[in-house]
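S.K.: The structure that follows is given in the form of structure tokens.
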Amino acid sequence: MFGRGKTRLVGPDEALPGRETPVRTAETHYVTGRPITPPWPEGHELLVLGAGCFWGVERLYWSLPGVWTTFVGYAGGHTANPTYREVCTAQTGHAEIAGVVYDPEVIDLDGLLASYWENHDPTQHMGQGNDIGTQYRSIILTTTERQAAIARASLERYQAKLSENGFGTITTTIEPLAGLYWAEGEHQQYLAKNPGGYCNHGFCQVAYAD
């Protein structure tokens with residue numbers, strides 16, 4: 001089971017069973033002091049993004065105007081309430097994700113996605129940089145039909161920019177959010193707690209905006 005390639009997504013009948021009890025996470029954001037779990041302020045929306053190691057993805061967002069809070073966790077798979085160690089086996093089906101709670105009256109979704117596209121390589125299949133495996137795949141998990149439509153349009157826009165500059169095909173999947181599980185407290189805002197910690201995110205390939 002554990003010897004299989006880490007770049008193949010497992011099905012629900014192959015995934016680890018998980019548990020009924022959520023893993024213990026943090027209550028508040030290490031940087032802002034705000035809650036990292038619902039309920040969110042009225043009018044705010046949740047966007048869930050996977051783009052490699054979740055430490056670096058989360059850091060892209062917590063200081064953006066209009067972003068109320070951020071967190072890291074696991075989504076897109078089958079195992080209920082997985083641990084970090086379980087996700088790392090590639091036997092849960094989950095991706096490492098960053099959750100971004102934002103006020104659409106202050107920052108629009110296209111603006112959030114600009115940071116997403118520019119700061120990872122969406123053409124890399126089942127990995128990011130030297131991080132290889134399904135947990136590091138590029139994925140956008142949407143919570144509304146409007147989010148899904150905007151995400152699809154932004155993918156097409158960025159693909160055109162990549163193609164114009166000689167880059168490959170985006171592998172990012174856009175899916176409705178189903179199960180969402182918060183990561184252990186030690187992973188929340190990890191790069192604020194550990195400024196010299198591992199991060200392979202930064203400007204990559206071409207700009208999203210003209």
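Order determines the names: the first chain of the structure tokens is A, the second B, and so forth; residues in each chain are numbered 1 upward, and ligands are numbered 1 upward as they are shown.
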What's around A:Gln147 at 12 Å? Count only C-alpha atoms, leave out sequence neighbours fewer than 5 positions away in its own chain, and write the answer as a list in words.
M.R.: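 These residues fall inside the cut-off: Glu45, Leu46, Leu47, Val48, Pro104, Asp108, Leu109, Asp110, Leu112, Leu113, Ile140, Leu141, Thr142, Arg152, Ala153, Ser154, Ile174, Glu175, Pro176 and Leu177 of chain A.
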S.K.: Looking at A:Thr7, A:Gln135, A:Thr69, A:Asn165, which one is nearest to A:His29, with distances taken over only C-alpha atoms?
M.R.: A:Thr69
S.K.: Determine, counting only C-alpha atoms, which protein, DNA and RNA residues have an atom within 8 Å of an atom of A:Gly127; residues of the same chain fewer than 5 positions away are not included. Present the result as a list in words.
M.R.: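 Residues meeting the cut-off are Thr7, Gly52, Ile132, Gly133, Thr134, Gln135, Tyr136, Arg137 and Ser138 of chain A.
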S.K.: Can you work out the spacing between atom CA of A:Tyr208 and atom CA of A:Gly43 in Å, to one decimal?
M.R.: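 A separation of 26.6 Å between them.
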S.K.: Fewer than 2 positions away in the same chain doesn't count, so skip those; otherwise give me all residues within 7 Å of stretch 55-68 of chain A, counting only C-alpha atoms, as a list in words.
M.R.: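 Within the cut-off, the hits are Ala51, Cys53, Thr70, Phe71, Val72, Ala98, Val100, Val101, Tyr102, Asp103, Val106, Ile107, Gln189, Tyr190, Leu191, Cys199, Asn200 and His201 of chain A.
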S.K.: Residues as selected, C-alpha atoms, written as a short mmCIF file (atom, residue, chain, number, x, y, z; two decimals), in the first residue's frame, can you do that?
M.R.:
data_model
loop_
_atom_site.label_atom_id
_atom_site.label_comp_id
_atom_site.auth_asym_id
_atom_site.auth_seq_id
_atom_site.Cartn_x
_atom_site.Cartn_y
_atom_site.Cartn_z
CA ALA A 51 -0.21 24.93 -4.58
CA CYS A 53 3.58 23.08 0.72
CA THR A 70 -6.12 32.39 6.81
CA PHE A 71 -5.43 28.83 7.88
CA VAL A 72 -3.90 25.62 6.56
CA ALA A 98 -4.54 27.24 2.48
CA VAL A 100 -8.44 32.33 2.67
CA VAL A 101 -11.38 34.17 4.24
CA TYR A 102 -11.86 37.48 2.45
CA ASP A 103 -14.21 40.42 2.04
CA VAL A 106 -12.40 44.96 -0.50
CA ILE A 107 -10.51 42.42 -2.62
CA GLN A 189 1.05 30.37 10.23
CA TYR A 190 4.22 28.27 10.36
CA LEU A 191 6.40 30.76 8.50
CA CYS A 199 9.30 27.85 1.52
CA ASN A 200 9.61 27.35 -2.23
CA HIS A 201 6.95 29.88 -3.26
#
S.K.: Could you tell me how far atom CA of A:Glu105 sits from atom CA of A:Ala151, in Å to one decimal place?
M.R.: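 Result for atom CA of A:Ala151 versus atom CA of A:Glu105: 17.6 Å, one decimal.
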S.K.: As a list of chain:residue names, which residues of stretch 127-161 of chain A does DSSP assign to alpha helix (DSSP H)?
M.R.: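 Going through stretch 127-161 of chain A, the alpha helix (DSSP H) residues come out as A:Glu145, A:Arg146, A:Gln147, A:Ala148, A:Ala149, A:Ile150, A:Ala151, A:Arg152, A:Ala153, A:Ser154, A:Leu155, A:Glu156, A:Arg157, A:Tyr158, A:Gln159, A:Ala160, A:Lys161.
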S.K.: Pick the closest to A:Thr169 from A:Pro122, A:Pro82, A:Gly99, A:Gly76: which is it, counting only C-alpha atoms?
M.R.: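 The closest residue to A:Thr169 is A:Pro122.
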S.K.: Using only C-alpha atoms, which protein or nucleic acid residues come within 10 Å of A:His187? Drop anything in the same chain fewer than 5 positions from it, and give the result as a PyMOL selection string.
M.R.: chain A and resi 25-26+54-55+71-73+84+182+193
S.K.: Could you work out how far atom CA of A:Gln124 lies from atom CA of A:Thr171, giving the answer in Å with one decimal?
M.R.: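 Going from atom CA of A:Thr171 over to atom CA of A:Gln124 covers 6.7 Å.
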S.K.: Could you list, as an MDAnalysis selection string, every residue within 8 Å of A:Glu118, counting only C-alpha atoms and ignoring same-chain residues fewer than 4 positions away?
M.R.: chainID A and resid 114 202:208
S.K.: My list of candidates is A:Thr123, A:Asn130, A:Gln188, A:Trp40. Which is closest to A:Leu162 when distances are computed with only C-alpha atoms?
M.R.: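 Answer, going by the shortest atom-to-atom distance: A:Thr123.
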S.K.: Could you please write out, as a ChimeraX atom specification, every residue of stretch 2-174 of chain A that DSSP assigns to strand (DSSP E or B)?
M.R.: /A:18,28,35,45-51,67-75,80,95-102,127-128,131-132,138-142,173-174
